[in-house]
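Visitor: For reference, the file structure.txt (compact mmCIF, C-alpha atoms) is included below:
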```txt
# COMPACT_ATOMS: atom_id res chain seq x y z
CA MET A 1 -141.96 -13.16 -28.96
CA LYS A 2 -145.09 -15.13 -29.76
CA ASN A 3 -146.73 -13.98 -26.52
CA PHE A 4 -145.64 -10.43 -27.17
CA ASN A 5 -147.39 -10.45 -30.53
CA LEU A 6 -150.49 -12.01 -29.01
CA LEU A 7 -150.74 -9.30 -26.40
CA ILE A 8 -150.36 -6.53 -28.94
CA PHE A 9 -152.83 -8.29 -31.20
CA LEU A 10 -155.44 -8.28 -28.43
CA PHE A 11 -154.90 -4.60 -27.79
CA SER A 12 -155.36 -3.76 -31.43
CA PHE A 13 -159.01 -4.76 -31.30
CA SER A 14 -159.86 -2.37 -28.55
CA SER A 15 -159.22 0.63 -30.70
CA ILE A 16 -160.12 -0.21 -34.28
CA PHE A 17 -163.19 1.70 -35.30
CA SER A 18 -166.14 -0.04 -36.82
CA GLN A 19 -165.17 -0.78 -40.36
CA PRO A 20 -167.14 0.75 -43.17
CA ASN A 21 -169.45 -1.45 -45.19
CA CYS A 22 -167.51 -1.90 -48.42
CA GLU A 23 -170.49 -3.40 -50.23
CA ALA A 24 -172.38 -0.13 -49.78
CA TYR A 25 -169.77 1.68 -51.89
CA LYS A 26 -170.20 -0.95 -54.56
CA TYR A 27 -173.98 -0.61 -54.43
CA TYR A 28 -173.75 3.14 -54.95
CA GLY A 29 -171.29 2.72 -57.82
CA GLU A 30 -168.29 4.18 -55.97
CA THR A 31 -165.85 1.70 -57.44
CA LEU A 32 -162.63 3.31 -56.22
CA LYS A 33 -163.92 3.62 -52.66
CA TYR A 34 -165.03 0.02 -52.80
CA GLU A 35 -161.54 -1.08 -53.81
CA ALA A 36 -159.87 1.16 -51.22
CA CYS A 37 -162.24 -0.22 -48.61
CA LYS A 38 -161.51 -3.84 -49.52
CA LYS A 39 -157.80 -3.10 -49.26
CA ALA A 40 -158.28 -1.42 -45.86
CA GLU A 41 -160.10 -4.50 -44.57
CA GLN A 42 -156.73 -6.26 -44.63
CA ILE A 43 -155.59 -4.32 -41.53
CA GLU A 44 -157.57 -6.75 -39.46
CA ASN A 45 -155.20 -8.82 -37.28
CA HIS A 46 -152.39 -6.27 -37.60
CA TYR A 47 -151.46 -4.00 -34.69
CA GLN A 48 -152.25 -0.38 -35.47
CA PHE A 49 -148.67 0.71 -34.72
CA SER A 50 -147.18 -1.89 -37.07
CA LYS A 51 -145.46 -1.33 -40.35
CA LYS A 52 -147.87 -3.68 -42.14
CA PHE A 53 -150.93 -1.87 -40.80
CA GLN A 54 -149.63 1.47 -42.03
CA GLU A 55 -148.55 0.08 -45.41
CA ILE A 56 -151.94 -1.48 -46.11
CA LEU A 57 -153.62 1.84 -45.42
CA ASP A 58 -151.12 3.66 -47.64
CA GLU A 59 -152.14 1.31 -50.43
CA SER A 60 -155.79 1.96 -49.67
CA ILE A 61 -155.18 5.72 -49.92
CA PHE A 62 -153.23 5.19 -53.13
CA ILE A 63 -156.33 3.55 -54.62
CA ASP A 64 -158.62 6.38 -53.45
CA SER A 65 -156.97 9.43 -51.92
CA THR A 66 -160.36 10.61 -50.58
CA PHE A 67 -161.07 7.51 -48.48
CA ALA A 68 -161.51 9.07 -45.02
CA TYR A 69 -161.51 5.82 -43.05
CA ALA A 70 -157.93 4.98 -44.10
CA TYR A 71 -156.62 8.36 -42.90
CA ARG A 72 -158.43 8.02 -39.61
CA GLU A 73 -157.11 4.53 -38.98
CA LYS A 74 -153.58 5.61 -39.90
CA SER A 75 -153.79 8.53 -37.50
CA VAL A 76 -154.43 6.44 -34.37
CA ALA A 77 -150.87 5.24 -33.77
CA TYR A 78 -149.60 8.81 -34.12
CA LEU A 79 -152.25 10.02 -31.69
CA LYS A 80 -151.35 7.40 -29.11
CA SER A 81 -147.62 8.00 -29.43
CA GLY A 82 -148.16 11.72 -28.91
CA ASP A 83 -147.06 12.75 -32.42
CA PHE A 84 -149.52 15.61 -32.62
CA ILE A 85 -148.13 16.93 -35.91
CA THR A 86 -148.58 13.77 -37.99
CA TRP A 87 -151.84 12.91 -36.21
CA LYS A 88 -153.35 16.28 -37.04
CA ARG A 89 -152.28 16.10 -40.67
CA LEU A 90 -153.94 12.69 -41.05
CA ILE A 91 -157.10 13.33 -39.06
CA ASP A 92 -157.65 16.60 -40.91
CA LYS A 93 -157.79 14.57 -44.12
CA ALA A 94 -160.35 12.22 -42.57
CA VAL A 95 -162.44 15.23 -41.54
CA LYS A 96 -162.07 16.80 -44.96
CA PHE A 97 -163.37 13.73 -46.75
CA ASN A 98 -166.07 12.74 -44.23
CA ILE A 99 -166.76 15.59 -41.90
CA LYS A 100 -169.83 14.28 -40.10
CA GLU A 101 -168.25 10.99 -39.07
CA ASN A 102 -164.92 12.40 -37.99
CA LEU A 103 -165.41 15.87 -36.56
CA GLY A 104 -166.71 14.76 -33.15
CA TYR A 105 -163.94 12.18 -32.94
CA ARG A 106 -161.24 14.75 -33.76
CA GLY A 107 -162.70 17.09 -31.16
CA TRP A 108 -162.65 14.41 -28.51
CA CYS A 109 -159.05 13.42 -29.30
CA ARG A 110 -157.94 17.04 -29.11
CA TYR A 111 -159.27 17.06 -25.57
CA GLN A 112 -158.28 13.58 -24.42
CA PHE A 113 -154.72 13.52 -25.73
CA PHE A 114 -153.63 17.15 -26.07
CA ARG A 115 -155.93 19.16 -23.77
CA ASP A 116 -156.66 21.37 -26.76
CA TYR A 117 -159.80 22.82 -25.18
CA LYS A 118 -160.57 25.52 -27.72
CA GLY A 119 -160.00 23.18 -30.66
CA ALA A 120 -162.25 20.54 -29.12
CA ILE A 121 -165.04 23.07 -28.48
CA LYS A 122 -164.80 24.30 -32.05
CA ASP A 123 -165.07 20.79 -33.52
CA ILE A 124 -167.93 19.67 -31.28
CA GLU A 125 -169.90 22.87 -31.84
CA LYS A 126 -169.40 22.70 -35.58
CA LEU A 127 -170.62 19.11 -35.63
CA ASP A 128 -173.74 20.24 -33.77
CA THR A 129 -174.53 22.70 -36.55
CA LEU A 130 -174.02 20.08 -39.26
CA VAL A 131 -176.29 17.32 -38.02
CA ASP A 132 -179.88 17.11 -36.82
CA TYR A 133 -179.29 14.00 -34.69
CA ASP A 134 -177.67 13.52 -31.30
CA ILE A 135 -173.91 14.12 -31.66
CA GLY A 136 -173.29 11.12 -29.41
CA GLN A 137 -170.55 9.88 -27.13
CA SER A 138 -166.77 10.15 -27.08
CA ILE A 139 -165.10 7.23 -28.86
CA ASN A 140 -164.30 5.51 -25.54
CA GLY A 141 -167.88 5.96 -24.30
CA THR A 142 -166.87 7.84 -21.16
CA TYR A 143 -168.73 11.05 -21.93
CA HIS A 144 -171.43 12.45 -24.11
CA LEU A 145 -169.61 14.91 -26.36
CA ASN A 146 -171.55 17.77 -24.76
CA ILE A 147 -170.16 16.84 -21.34
CA ALA A 148 -166.66 16.86 -22.87
CA LYS A 149 -167.45 20.27 -24.35
CA GLY A 150 -168.57 21.49 -20.92
CA LEU A 151 -165.29 20.31 -19.40
CA CYS A 152 -163.40 22.23 -22.07
CA TYR A 153 -165.32 25.40 -21.24
CA LYS A 154 -164.44 24.88 -17.59
CA ALA A 155 -160.77 24.51 -18.52
CA ILE A 156 -160.74 27.85 -20.33
CA GLY A 157 -162.33 29.54 -17.35
CA GLU A 158 -165.98 29.68 -18.48
CA LYS A 159 -167.42 27.84 -15.52
CA GLU A 160 -170.99 29.15 -15.71
CA LYS A 161 -171.25 28.08 -19.31
CA ALA A 162 -169.77 24.70 -18.40
CA ILE A 163 -172.35 24.24 -15.64
CA LYS A 164 -175.26 24.99 -17.98
CA ILE A 165 -174.00 22.61 -20.65
CA ILE A 166 -173.34 19.77 -18.22
CA GLU A 167 -176.61 20.28 -16.31
CA ASN A 168 -178.58 20.10 -19.56
CA GLN A 169 -176.78 17.03 -20.80
CA ILE A 170 -177.14 15.20 -17.48
CA LYS A 171 -180.92 15.80 -17.62
CA LEU A 172 -181.00 14.25 -21.08
CA ASN A 173 -178.74 11.39 -19.97
CA GLU A 174 -181.01 10.70 -16.98
CA LYS A 175 -184.02 10.46 -19.30
CA GLU A 176 -182.16 7.88 -21.34
CA ASP A 177 -180.86 6.19 -18.17
CA PHE A 178 -177.39 6.63 -19.61
CA VAL A 179 -175.47 8.88 -17.24
CA GLY A 180 -171.70 8.86 -17.79
CA ALA A 181 -169.31 7.31 -15.28
CA TYR A 182 -168.05 10.70 -14.04
CA ASP A 183 -170.86 13.11 -15.00
CA TYR A 184 -172.20 13.85 -11.50
CA LEU A 185 -168.70 14.14 -10.10
CA HIS A 186 -167.65 16.80 -12.63
CA LEU A 187 -170.81 18.81 -12.05
CA GLY A 188 -170.33 18.49 -8.30
CA VAL A 189 -166.79 19.83 -8.58
CA LEU A 190 -168.03 22.76 -10.66
CA TYR A 191 -170.65 23.55 -8.01
CA LEU A 192 -167.98 23.30 -5.31
CA GLU A 193 -165.71 25.67 -7.23
CA THR A 194 -168.53 28.18 -7.63
CA GLU A 195 -169.59 27.94 -3.97
CA ARG A 196 -172.94 26.19 -4.56
CA LEU A 197 -172.14 23.83 -1.74
CA GLU A 198 -175.53 22.20 -1.14
CA LYS A 199 -175.86 21.43 -4.84
CA ALA A 200 -172.34 20.02 -4.83
CA ILE A 201 -173.25 17.61 -2.02
CA GLU A 202 -176.36 16.56 -3.93
CA MET A 203 -174.24 15.69 -6.98
CA PHE A 204 -171.58 13.82 -5.01
CA LYS A 205 -174.31 11.74 -3.36
CA LYS A 206 -175.70 10.89 -6.78
CA GLN A 207 -172.22 9.93 -7.93
CA SER A 208 -171.86 7.67 -4.87
CA LYS A 209 -174.99 5.80 -5.88
CA THR A 210 -173.97 5.29 -9.51
CA ASN A 211 -170.20 4.91 -9.36
CA GLU A 212 -168.39 5.55 -6.10
CA LEU A 213 -164.87 6.92 -6.50
CA ALA A 214 -162.02 8.18 -4.34
CA GLU A 215 -162.31 11.54 -6.11
CA ASN A 216 -165.97 11.78 -5.18
CA GLN A 217 -165.29 11.36 -1.46
CA TYR A 218 -162.32 13.71 -1.69
CA TYR A 219 -164.34 16.56 -3.18
CA LEU A 220 -167.21 15.82 -0.80
CA ALA A 221 -164.70 16.22 2.04
CA LEU A 222 -163.62 19.61 0.67
CA THR A 223 -167.27 20.65 0.48
CA TYR A 224 -167.93 19.64 4.11
CA ARG A 225 -164.82 21.51 5.16
CA LYS A 226 -166.17 24.66 3.51
CA LEU A 227 -169.46 24.07 5.33
CA ASP A 228 -167.48 23.96 8.56
CA ASN A 229 -168.24 20.31 9.21
CA PRO A 230 -164.85 18.76 10.08
CA PRO A 231 -166.11 15.35 11.31
CA GLU A 232 -167.88 14.65 8.01
CA SER A 233 -164.91 16.00 6.08
CA ILE A 234 -162.43 13.70 7.84
CA SER A 235 -164.73 10.73 7.43
CA CYS A 236 -164.94 11.37 3.67
CA LEU A 237 -161.17 11.73 3.39
CA LYS A 238 -160.68 8.36 5.09
CA LYS A 239 -163.18 6.80 2.69
CA ALA A 240 -161.38 8.50 -0.20
CA LYS A 241 -158.10 6.95 0.87
CA GLU A 242 -159.63 3.48 1.17
CA LEU A 243 -161.23 3.77 -2.24
CA TYR A 244 -158.01 5.02 -3.76
CA ILE A 245 -156.05 2.08 -2.40
CA GLU A 246 -158.73 -0.26 -3.74
CA GLU A 247 -158.15 1.33 -7.18
CA ARG A 248 -161.66 2.78 -7.23
CA LYS A 249 -160.57 6.02 -8.80
CA MET A 250 -160.89 7.88 -12.09
CA PHE A 251 -159.12 6.13 -14.91
CA ASP A 252 -158.30 6.55 -18.56
CA PRO A 253 -155.92 4.14 -20.29
CA TYR A 254 -154.13 6.95 -22.13
CA SER A 255 -154.31 10.07 -19.99
CA ASN A 256 -155.28 11.46 -16.59
CA PRO A 257 -158.92 12.61 -16.53
CA MET A 258 -159.92 16.10 -15.44
CA ASP A 259 -160.63 16.34 -11.67
CA LYS A 260 -158.49 13.28 -11.00
CA ILE A 261 -156.62 13.35 -7.69
CA TYR A 262 -153.61 11.48 -6.34
CA LEU A 263 -152.95 9.76 -3.02
CA GLU A 264 -150.72 12.67 -2.07
CA ASN A 265 -153.70 15.06 -2.32
CA ILE A 266 -155.79 12.96 0.06
CA GLU A 267 -152.96 12.52 2.55
CA ASN A 268 -152.15 16.22 2.52
CA GLU A 269 -155.79 17.05 3.28
CA ILE A 270 -155.84 14.54 6.14
CA LYS A 271 -152.62 16.03 7.55
CA THR A 272 -154.03 19.56 7.29
CA ALA A 273 -157.20 18.50 9.07
CA TYR A 274 -155.27 16.93 11.95
CA ASN A 275 -152.90 19.89 12.15
CA ASN A 276 -155.95 22.08 12.59
CA GLY A 277 -156.84 20.08 15.66
CA TYR A 278 -159.52 17.76 14.33
CA LYS A 279 -159.46 14.24 15.75
CA MET B 1 -140.04 37.97 -74.97
CA LYS B 2 -143.43 37.45 -73.38
CA LYS B 3 -143.91 34.18 -75.26
CA SER B 4 -140.55 32.73 -74.30
CA PHE B 5 -141.14 33.76 -70.69
CA LEU B 6 -144.42 31.81 -70.68
CA VAL B 7 -142.72 28.78 -72.19
CA ILE B 8 -140.10 28.84 -69.43
CA ILE B 9 -142.76 29.19 -66.71
CA SER B 10 -144.77 26.33 -68.24
CA PHE B 11 -141.69 24.14 -68.38
CA PHE B 12 -140.87 24.75 -64.72
CA SER B 13 -144.49 24.27 -63.76
CA ILE B 14 -144.56 20.84 -65.43
CA LEU B 15 -141.24 19.95 -63.82
CA CYS B 16 -142.56 20.89 -60.39
CA ASN B 17 -145.75 18.91 -60.92
CA CYS B 18 -143.76 15.85 -61.89
CA GLN B 19 -141.66 16.15 -58.76
CA THR B 20 -144.77 16.53 -56.58
CA GLU B 21 -146.35 13.50 -58.21
CA LYS B 22 -143.19 11.50 -57.63
CA LYS B 23 -143.22 12.46 -53.98
CA VAL B 24 -146.82 11.36 -53.54
CA ASN B 25 -146.12 8.00 -55.14
CA GLU B 26 -143.00 7.34 -53.10
CA LYS B 27 -143.53 4.51 -50.68
CA GLN B 28 -143.14 5.62 -47.11
CA VAL B 29 -140.61 3.61 -45.15
CA TYR B 30 -141.67 2.53 -41.68
CA LEU B 31 -139.80 0.99 -38.79
CA ARG B 32 -141.27 -1.92 -36.83
CA TRP B 33 -143.80 0.37 -35.13
CA VAL B 34 -144.86 3.99 -35.57
CA GLY B 35 -142.65 6.16 -33.39
CA ASP B 36 -139.88 3.61 -32.81
CA ILE B 37 -136.68 5.31 -31.67
CA GLU B 38 -133.43 3.84 -32.93
CA GLN B 39 -130.24 4.26 -30.96
CA ASN B 40 -128.11 7.17 -32.22
CA ASP B 41 -124.59 6.74 -30.91
CA GLN B 42 -123.80 10.39 -31.67
CA THR B 43 -126.49 11.81 -29.40
CA ASP B 44 -127.79 9.06 -27.14
CA GLU B 45 -126.31 7.89 -23.88
CA LEU B 46 -124.17 4.86 -24.74
CA ASN B 47 -124.70 3.23 -21.36
CA PHE B 48 -128.47 3.14 -21.78
CA LYS B 49 -129.64 -0.37 -22.64
CA VAL B 50 -133.00 -1.77 -23.63
CA CYS B 51 -133.22 -4.99 -21.62
CA ASN B 52 -135.42 -7.14 -23.85
CA GLY B 53 -134.46 -5.87 -27.30
CA ASP B 54 -135.91 -3.09 -29.45
CA ASP B 55 -138.41 -5.44 -31.06
CA LYS B 56 -140.04 -6.17 -27.71
CA THR B 57 -140.47 -2.60 -26.55
CA PHE B 58 -144.07 -1.78 -25.62
CA GLN B 59 -146.03 1.47 -25.48
CA TYR B 60 -146.84 2.77 -21.98
CA PHE B 61 -150.52 1.94 -22.38
CA ASN B 62 -150.11 -1.60 -23.73
CA LEU B 63 -150.59 -3.20 -20.32
CA GLY B 64 -153.80 -1.29 -19.69
CA LYS B 65 -152.62 0.54 -16.59
CA GLY B 66 -152.72 4.02 -18.07
CA PRO B 67 -149.89 6.50 -17.66
CA ASP B 68 -148.17 5.17 -14.55
CA TYR B 69 -145.51 7.15 -12.71
CA SER B 70 -143.26 6.30 -9.79
CA GLY B 71 -144.72 8.29 -6.93
CA GLU B 72 -147.71 9.08 -9.18
CA LYS B 73 -148.06 12.00 -11.53
CA SER B 74 -147.91 14.50 -8.69
CA LYS B 75 -144.19 13.72 -8.38
CA ILE B 76 -143.64 14.67 -12.02
CA LEU B 77 -145.74 17.81 -11.66
CA ASN B 78 -143.81 18.84 -8.56
CA ALA B 79 -140.46 18.28 -10.29
CA PHE B 80 -141.33 20.62 -13.16
CA LYS B 81 -143.10 23.13 -10.92
CA SER B 82 -140.06 23.50 -8.70
CA LYS B 83 -137.37 23.41 -11.41
CA TYR B 84 -138.74 25.01 -14.57
CA GLN B 85 -137.84 28.70 -14.92
CA PRO B 86 -140.39 30.38 -17.24
CA ILE B 87 -139.05 32.37 -20.18
CA SER B 88 -141.28 35.40 -20.44
CA ASP B 89 -141.96 35.67 -24.17
CA LYS B 90 -145.33 36.16 -25.89
CA ASN B 91 -144.06 34.20 -28.90
CA GLN B 92 -143.42 30.94 -27.07
CA ASN B 93 -146.70 29.06 -27.49
CA GLY B 94 -147.54 25.48 -28.33
CA LEU B 95 -146.86 21.86 -27.56
CA ILE B 96 -143.57 20.13 -26.82
CA ARG B 97 -143.38 16.35 -26.64
CA ILE B 98 -140.41 14.57 -25.13
CA ARG B 99 -140.58 10.86 -25.92
CA PHE B 100 -138.23 8.20 -24.64
CA ILE B 101 -137.83 4.57 -23.64
CA VAL B 102 -138.11 3.39 -20.04
CA ASN B 103 -136.13 0.20 -19.62
CA CYS B 104 -136.70 -2.76 -17.31
CA GLU B 105 -134.81 -0.98 -14.52
CA GLY B 106 -136.97 2.15 -14.67
CA ILE B 107 -134.19 4.15 -16.37
CA ALA B 108 -135.05 6.43 -19.30
CA GLY B 109 -133.03 6.95 -22.47
CA ARG B 110 -133.15 7.86 -26.20
CA PHE B 111 -134.97 11.15 -25.66
CA ARG B 112 -136.56 12.80 -28.71
CA VAL B 113 -138.24 16.21 -28.97
CA LEU B 114 -141.20 17.24 -31.12
CA GLN B 115 -142.45 20.83 -31.21
CA SER B 116 -145.50 22.55 -32.66
CA ASP B 117 -147.58 25.67 -32.22
CA TYR B 118 -151.17 25.41 -31.00
CA ASN B 119 -152.28 24.86 -34.61
CA TYR B 120 -150.15 21.68 -34.76
CA GLN B 121 -147.66 23.28 -37.15
CA GLU B 122 -144.02 22.43 -36.54
CA ILE B 123 -142.03 25.26 -34.94
CA GLU B 124 -138.87 25.68 -32.91
CA PHE B 125 -139.17 26.94 -29.37
CA ASP B 126 -136.57 29.01 -27.60
CA LYS B 127 -133.68 26.65 -26.86
CA ARG B 128 -133.73 27.66 -23.19
CA ILE B 129 -137.23 26.18 -22.88
CA ILE B 130 -136.33 22.93 -24.61
CA SER B 131 -133.09 22.43 -22.72
CA GLN B 132 -134.78 22.98 -19.37
CA LEU B 133 -137.58 20.54 -20.13
CA LEU B 134 -135.10 17.97 -21.40
CA ASP B 135 -132.83 18.35 -18.40
CA ILE B 136 -135.67 18.04 -15.90
CA THR B 137 -137.06 14.99 -17.73
CA LYS B 138 -133.62 13.37 -17.84
CA GLY B 139 -133.20 14.17 -14.15
CA ILE B 140 -136.14 11.95 -13.19
CA ASP B 141 -134.18 8.89 -12.25
CA ASN B 142 -136.81 6.34 -11.40
CA TRP B 143 -139.65 5.80 -13.81
CA LYS B 144 -142.27 3.21 -13.07
CA ILE B 145 -141.08 -0.31 -13.81
CA GLN B 146 -143.86 -2.10 -15.67
CA TYR B 147 -144.19 -5.86 -15.46
CA ARG B 148 -145.76 -8.44 -17.65
CA LYS B 149 -146.05 -11.96 -16.25
CA GLU B 150 -143.77 -10.77 -13.44
CA MET B 151 -141.04 -9.88 -15.92
CA PRO B 152 -139.99 -6.23 -16.17
CA ILE B 153 -140.50 -4.79 -19.66
CA ASP B 154 -139.17 -1.88 -21.72
CA TYR B 155 -141.70 0.68 -22.94
CA TYR B 156 -142.08 3.97 -24.76
CA MET B 157 -143.26 6.88 -22.66
CA TYR B 158 -143.74 10.57 -23.39
CA LEU B 159 -144.50 13.84 -21.69
CA ILE B 160 -146.27 16.65 -23.55
CA PHE B 161 -145.81 20.16 -22.24
CA LYS B 162 -148.27 22.93 -23.03
CA ILE B 163 -146.42 26.21 -23.18
CA THR B 164 -148.19 29.59 -23.22
CA ASP B 165 -146.15 32.81 -23.34
CA GLY B 166 -143.14 30.76 -22.21
CA GLN B 167 -144.99 29.50 -19.11
CA LEU B 168 -145.51 25.79 -18.49
CA LYS B 169 -149.28 25.40 -18.31
CA GLU B 170 -149.95 21.66 -18.36
CA ILE B 171 -148.17 18.33 -18.53
CA ILE B 172 -149.82 15.43 -20.34
CA PRO B 173 -150.60 12.51 -20.04
```
Produce structure tokens that represent the structure in this file.
Guide:
Amino acid sequence: MKNFNLLIFLFSFSSIFSQPNCEAYKYYGETLKYEACKKAEQIENHYQFSKKFQEILDESIFIDSTFAYAYREKSVAYLKSGDFITWKRLIDKAVKFNIKENLGYRGWCRYQFFRDYKGAIKDIEKLDTLVDYDIGQSINGTYHLNIAKGLCYKAIGEKEKAIKIIENQIKLNEKEDFVGAYDYLHLGVLYLETERLEKAIEMFKKQSKTNELAENQYYLALTYRKLDNPPESISCLKKAKELYIEERKMFDPYSNPMDKIYLENIENEIKTAYNNGYK
Amino acid sequence: MKKSFLVIISFFSILCNCQTEKKVNEKQVYLRWVGDIEQNDQTDELNFKVCNGDDKTFQYFNLGKGPDYSGEKSKILNAFKSKYQPISDKNQNGLIRIRFIVNCEGIAGRFRVLQSDYNYQEIEFDKRIISQLLDITKGIDNWKIQYRKEMPIDYYMYLIFKITDGQLKEIIP
């Protein structure tokens, strides 16, 4: 039991957001927020799913029912357990009471946990109109929020719009030397799906240099197949399988990322290639 | 007449406000963890057992391996693709979550259903949709056994189904 608690305790740190600076509320004379904030600080060392964690935040909200941070923290366990109804009710409160800090986060969660593409686009675009600074990354750091927005446009069938958004953001990311772990791959897949095959290869090669993945070799194989180059295609599929077995594949601790493939996909492609007479 | 009517309305208005206030101040009661599912002998399979006790049941992501399926997710997708019969109805739209426990033997039990429209408002789907999704989920007989320190654990798992016009569009996670 002790070990069980320790494990859960360790996991709790990976998802707690940066805590607000309670002293700042005091400085600006927001006494109730200061008190609610001090109460909320007590969640430290409690697992976000636990009864104690939730009760402390209830008390924080009881002190100041407009304290956005407490709602957001409360919402996380509901998000991760797939309770979209309670999550939405809580995160909407967080957005209501601190829109700039929570809108991008809500948008990302809509995408990551519920594949709510239209809702995510709406949140991210609204945030863009509210602030004059960079809207930043998803909470897990995997994507710039604009890349996530591009993926949502792709999912609702607006591929050209998705390409423009992702191309622009990758250019900006390259300037900052901060390209996301899957950025080139997603753009490559979009090029492949819209028959810009040379551009697709260019992106997959860039992805190979920054973060080689089974998915990358798989989609490269599909591109070579379309270019009528079976030897290259087979070679990429074999590499894809090796990478997959070595666990070098797309990963998200909570969900399956867009463009992710499974071993079955690779093996089916290899079978098809051999059935078509390629050695 | 008008005056007494107003008095009555005011009285009820105050009464309602008091009740609302009371509700807000009521302390919410939580189980050990958010989303814990207690055994219900009326509806749950009596033979289903949690191996290590309810208080040691994890969430699927606690071991950092992501959503992990026996035969990978493609097996789950194939099961629903081949078995789910769409109900053609423009009014059947939203999210359905089926959450359950996977025990140390990879067997699932204590299934619970949550339903909402695409605005996250609770609704009730056509029973034929729910029963199909439940039956197919219950029919998956070997879930991934997760281990911690070489010991098999029990964990909570869920599937979320996106339904549009009665068609199954996506399965998450």
Visitor: When you draw a straight line from atom CA of A:Thr142 to atom CA of A:Tyr182, how long is it in Å?
Guide: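 Going from atom CA of A:Thr142 over to atom CA of A:Tyr182 covers 7.8 Å.
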Visitor: Write out as a compact mmCIF listing (two decimals) with C-alpha atoms, in the coordinates of the input every residue belonging to chain A that has an atom at most 7 Å from any atom of chain B, counting only C-alpha atoms.
Guide:
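result_39.txt, freshly written:
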```txt
# COMPACT_ATOMS: atom_id res chain seq x y z
CA PHE A 11 -154.90 -4.60 -27.79
CA PHE A 49 -148.67 0.71 -34.72
CA SER A 50 -147.18 -1.89 -37.07
CA LYS A 51 -145.46 -1.33 -40.35
CA ALA A 77 -150.87 5.24 -33.77
CA TYR A 78 -149.60 8.81 -34.12
CA SER A 81 -147.62 8.00 -29.43
CA PHE A 84 -149.52 15.61 -32.62
CA ILE A 85 -148.13 16.93 -35.91
CA LYS A 88 -153.35 16.28 -37.04
CA ASP A 252 -158.30 6.55 -18.56
CA PRO A 253 -155.92 4.14 -20.29
CA TYR A 254 -154.13 6.95 -22.13
CA SER A 255 -154.31 10.07 -19.99
CA ASN A 256 -155.28 11.46 -16.59
CA TYR A 262 -153.61 11.48 -6.34
```
Visitor: If we count all atoms listed in the file and set the cut-off at 8 Å, which residues sit around A:Lys149, ignoring sequence neighbours fewer than 2 positions away in its own chain? Please answer as a ChimeraX atom specification.
Guide: /A:120-121,124,145-147,151-153,162,165
Visitor: Output the selection as a short mmCIF file (atom, residue, chain, number, x, y, z; two decimals), in the frame of the given file - C-alpha atoms for each residue.
Guide:
```
data_model
loop_
_atom_site.label_atom_id
_atom_site.label_comp_id
_atom_site.auth_asym_id
_atom_site.auth_seq_id
_atom_site.Cartn_x
_atom_site.Cartn_y
_atom_site.Cartn_z
CA ALA A 120 -162.25 20.54 -29.12
CA ILE A 121 -165.04 23.07 -28.48
CA ILE A 124 -167.93 19.67 -31.28
CA LEU A 145 -169.61 14.91 -26.36
CA ASN A 146 -171.55 17.77 -24.76
CA ILE A 147 -170.16 16.84 -21.34
CA LEU A 151 -165.29 20.31 -19.40
CA CYS A 152 -163.40 22.23 -22.07
CA TYR A 153 -165.32 25.40 -21.24
CA ALA A 162 -169.77 24.70 -18.40
CA ILE A 165 -174.00 22.61 -20.65
#
```
Visitor: Atom CA of B:Phe48 to atom CA of B:Asn78: how many Å, to one decimal?
Guide: 25.6 Å
Visitor: From the set A:Glu41, A:Asp123, A:Glu267, A:Asp134, which residue has the shortest atom-to-atom contact distance to A:Cys109, counting only C-alpha atoms?
Guide: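 Using only C-alpha atoms, A:Cys109 sits closest to A:Asp123.
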Visitor: Rank B:Asn52, B:Gln39, B:Tyr69, B:Phe80 by their smallest atom-to-atom distance to B:Asp135, using all atoms listed in the file, and report the top residue only.
Guide: B:Phe80
